[in-house]
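Asks: Sharing a structure, written as structure tokens. Questions coming.
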Amino acid sequence: MDAAFTEEQDEIRRTLRALLDKRCGPDEVRAAVRTPAGYDEALWRQLAEQLGLPGLALPAAYGGAGCGPTELALACEETGRAVLPAPLIGTAVLAAPLILALGGERRRAELLPALAAGQSTAALVVPGGQLGTALALTGPNDGDWAGGGRAGGIQARWSQEHGGGAPGRSPGAPRAGGGWRLYGEAEQVLGGHAADVLVVAAHAGGFARSRTLLFTVRAKGPDGAEAPGLLRTRQIAMDETRPQARIELRDVAAELLGEDPSGGDGATDAVAAALAATGATAAACLAAEAVGAADAALSRTVGYVKERTQFGRPIGSFQAVQHRLADLYVAVQAARSAAYYAAWAAGGGRAVPEPGAGALALAQALEALRAVAAEAVQLHGGIGFTWEHAAHLYFKRAACDELLLGPVHRLRARAAEQAGLFASGGGDGDGADAGALVGPAVRAAVGA
């Protein structure tokens with residue numbers, strides 16, 4: 001692994017930081033989250049037009065910049081520093097990679113250029129608050145995380161008046177002119193209240209042949225009206241910079257995300273693999289974002305303790321305060337290294353895949369952000385306990401990020417399970433070769 005960044009990667013970081021320093025201070029953040037969209041739409045367009053941020057990791061053929069997970073993680077680190085409220089995670093990190101991986105050429109050409117240009121946004125809809133499991137970060141995503149075909153979750157069916165039963169077709173295979181319909185609901189959908197495109201995880205085939213598939217829903221028509229049968233409600237969240245929504249689908253028209261229009265059994269494995277690959281990149285990006293937020297909170301705190309005086313001297317001159325800040329600095333730097341390694345591994349840097357690297361990096365970054373945010377509130381004294389202070393932007397981000405893809409102990413448990421650390425030894429079992437599969441990030445994070 002070459003730890004040095006290229007000139008292009010450094011330029012992405014510098015340019016994005018300069019723009020966000022001018023346009024995204026604490027007051028601007030608070031104003032943006034109270035808009036109907038939940039973010040500054042003019043700033044998002046500027047980030048798309050001048051920096052190509054939404055399409056940073058998309059191929060140039062679809063209007064993207066053709067970069068990889070490392071560049072996207074570096075961009076997320078800078079947006080984390082500013083606690084930027086934007087549809088970056090939902091669009092560029094979660095939804096667009098799934099469309100790229102599973103969508104045919106027609107679907108990619110229809111959806112990706114608009115997403116890359118910032119003209120539309122997207123959201124990943126996973127029922128039951130199971131986003132971490134769907135992305136294979138807190139558990140295996142080959143089970144019934146999306147409802148198992150029973151009541152609850154989101155169900156998909158082929159339109160009865162156009163489908164099924166034709167000679168030579170598998171049961172439930174569609175005829176020409178038919179269409180998929182979705183019914184169900186999901187909560188805590190990141191950016192779902194304002195997204196133009198929804199990538200929805202739903203069960204098809206009923207209880208007997210239940211399988212999880214991904215569908216795309218055009219949430220808004222050309223006239224801006226909501227799709228028939230779709231009801232979206234913005235939910236109250238502690239972290240206003242990550243707006244969430246409740247999505248209700250009542251017989252909503254959808255299109256299967258995949259080449260096989262019938263959604264056969266082979267599609268299930270493809271969906272699980274695409275979600276796991278997206279999860280590895282998402283974990284690295286969210287870890288980098290948490291590192292950026294922690295670094296900014298720590299910098300603000302260091303600046304404050306240099307100015308705040310007590311007993312005739314700056315409180316930063318007291319050894320007890322210095323020790324606390326030094327511990328936080330070490331935690332942030334360690335989390336940064338883990339996040340960079342996870343992004344490098346997600347981009348194919350390792351010859352042998354290391355699936356647990358992203359989950360461990362995210363766990364370490366979330367812990368670092370939580371520690372820094374808590375100390376920032378404490379070391380700012382009385383003013384740090386007021387909701388109006390900037391320290392609470394980082395504190396709320398730390399609390400809610402762990403709920404989004406955590407908790408931390410489940411991230412670590414899943415990584416250990418994937419690495420086979422607790423498998424029984426044996427000559428031909430998975431546990432026998434676990435040591436060869438566990439990379440430096442995994443060993444360092446779990447203390448192996």
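In the structure tokens, each chain is lettered A, B, ... as it comes, each chain's residues begin at 1, and ligands are numbered from 1 in order of appearance.
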Show me, as number ranges by chain, the residues that have an atom within 10 Å of segment 8-25 of chain A when counting only C-alpha atoms, minus same-chain residues fewer than 4 positions from it.

Replies: A: 4, 29-30, 32, 40, 43, 46-47, 50-51, 53, 56, 67, 70-72, 74-79, 81-85, 390

Asks: Which residues are near Ala60 of chain A? Cut-off 10 Å, only C-alpha atoms, ignore same chain within fewer than 6 positions. Put them as a PyMOL selection string.

Replies: chain A and resi 66-67+113+116

Asks: Would you list the contacts of segment 293-306 of chain A as number ranges by chain, taking every protein, DNA or RNA residue within 10 Å and counting only C-alpha atoms, but skipping same-chain residues closer than 6 positions in sequence?

Replies: A: 76-84, 287, 313-318, 321-322, 325, 328-329, 331-333, 335-336, 365-381, 384, 390-395, 397-398

Asks: Take the residues just selected and output them with C-alpha atoms as an mmCIF file, in the first residue's frame.

Replies:
data_model
loop_
_atom_site.group_PDB
_atom_site.id
_atom_site.type_symbol
_atom_site.label_atom_id
_atom_site.label_comp_id
_atom_site.auth_asym_id
_atom_site.auth_seq_id
_atom_site.Cartn_x
_atom_site.Cartn_y
_atom_site.Cartn_z
ATOM 1 C CA CYS A 76 -16.461 12.747 2.631
ATOM 2 C CA GLU A 77 -13.747 13.637 5.129
ATOM 3 C CA GLU A 78 -14.011 17.275 4.067
ATOM 4 C CA THR A 79 -17.827 17.278 4.135
ATOM 5 C CA GLY A 80 -17.594 15.744 7.607
ATOM 6 C CA ARG A 81 -15.379 18.606 8.765
ATOM 7 C CA ALA A 82 -18.114 21.058 7.801
ATOM 8 C CA VAL A 83 -20.948 18.739 8.988
ATOM 9 C CA LEU A 84 -22.365 19.389 5.520
ATOM 10 C CA ALA A 287 -15.532 6.455 8.601
ATOM 11 C CA ARG A 313 -3.686 31.407 32.599
ATOM 12 C CA PRO A 314 -5.158 29.615 29.538
ATOM 13 C CA ILE A 315 -6.818 26.371 30.535
ATOM 14 C CA GLY A 316 -4.897 24.674 27.750
ATOM 15 C CA SER A 317 -1.730 25.136 29.764
ATOM 16 C CA PHE A 318 -2.953 22.750 32.461
ATOM 17 C CA VAL A 321 -6.330 19.286 29.778
ATOM 18 C CA GLN A 322 -3.286 18.620 27.615
ATOM 19 C CA LEU A 325 -6.462 16.483 24.152
ATOM 20 C CA LEU A 328 -8.099 12.539 21.482
ATOM 21 C CA TYR A 329 -5.466 13.431 18.880
ATOM 22 C CA ALA A 331 -7.595 8.452 18.560
ATOM 23 C CA VAL A 332 -8.378 10.686 15.574
ATOM 24 C CA GLN A 333 -5.108 9.885 13.797
ATOM 25 C CA ALA A 335 -9.133 6.357 12.989
ATOM 26 C CA ARG A 336 -7.927 8.348 9.981
ATOM 27 C CA ALA A 365 -13.997 6.294 13.616
ATOM 28 C CA LEU A 366 -17.360 6.342 15.355
ATOM 29 C CA GLU A 367 -15.708 5.786 18.723
ATOM 30 C CA ALA A 368 -13.190 8.560 18.028
ATOM 31 C CA LEU A 369 -15.934 11.008 17.011
ATOM 32 C CA ARG A 370 -18.023 10.136 20.052
ATOM 33 C CA ALA A 371 -15.051 10.713 22.392
ATOM 34 C CA VAL A 372 -14.013 13.980 20.740
ATOM 35 C CA ALA A 373 -17.563 15.353 20.639
ATOM 36 C CA ALA A 374 -18.119 14.568 24.313
ATOM 37 C CA GLU A 375 -14.837 16.182 25.350
ATOM 38 C CA ALA A 376 -15.563 19.204 23.143
ATOM 39 C CA VAL A 377 -18.775 19.835 25.052
ATOM 40 C CA GLN A 378 -17.002 19.373 28.391
ATOM 41 C CA LEU A 379 -13.935 21.487 27.636
ATOM 42 C CA HIS A 380 -16.008 24.351 26.272
ATOM 43 C CA GLY A 381 -17.501 24.666 29.742
ATOM 44 C CA GLY A 384 -20.547 24.058 25.368
ATOM 45 C CA ALA A 390 -21.279 24.444 17.252
ATOM 46 C CA ALA A 391 -20.029 21.605 19.462
ATOM 47 C CA HIS A 392 -23.505 20.104 19.423
ATOM 48 C CA LEU A 393 -23.448 19.681 15.654
ATOM 49 C CA TYR A 394 -20.630 17.178 16.137
ATOM 50 C CA PHE A 395 -22.182 15.670 19.259
ATOM 51 C CA ARG A 397 -23.628 13.600 14.420
ATOM 52 C CA ALA A 398 -21.674 11.218 16.666
#

Asks: Quick one, how far is atom CA of Thr216 of chain A from atom CA of Val189 of chain A?

Replies: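 Separating atom CA of Thr216 of chain A from atom CA of Val189 of chain A is a distance of 14.6 Å.
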
Asks: Restricting the calculation to only C-alpha atoms: of A:Ala86, A:Leu286, A:Ala194, A:Leu213, which residue gets closest to Ala42 of chain A?

Replies: A:Ala86
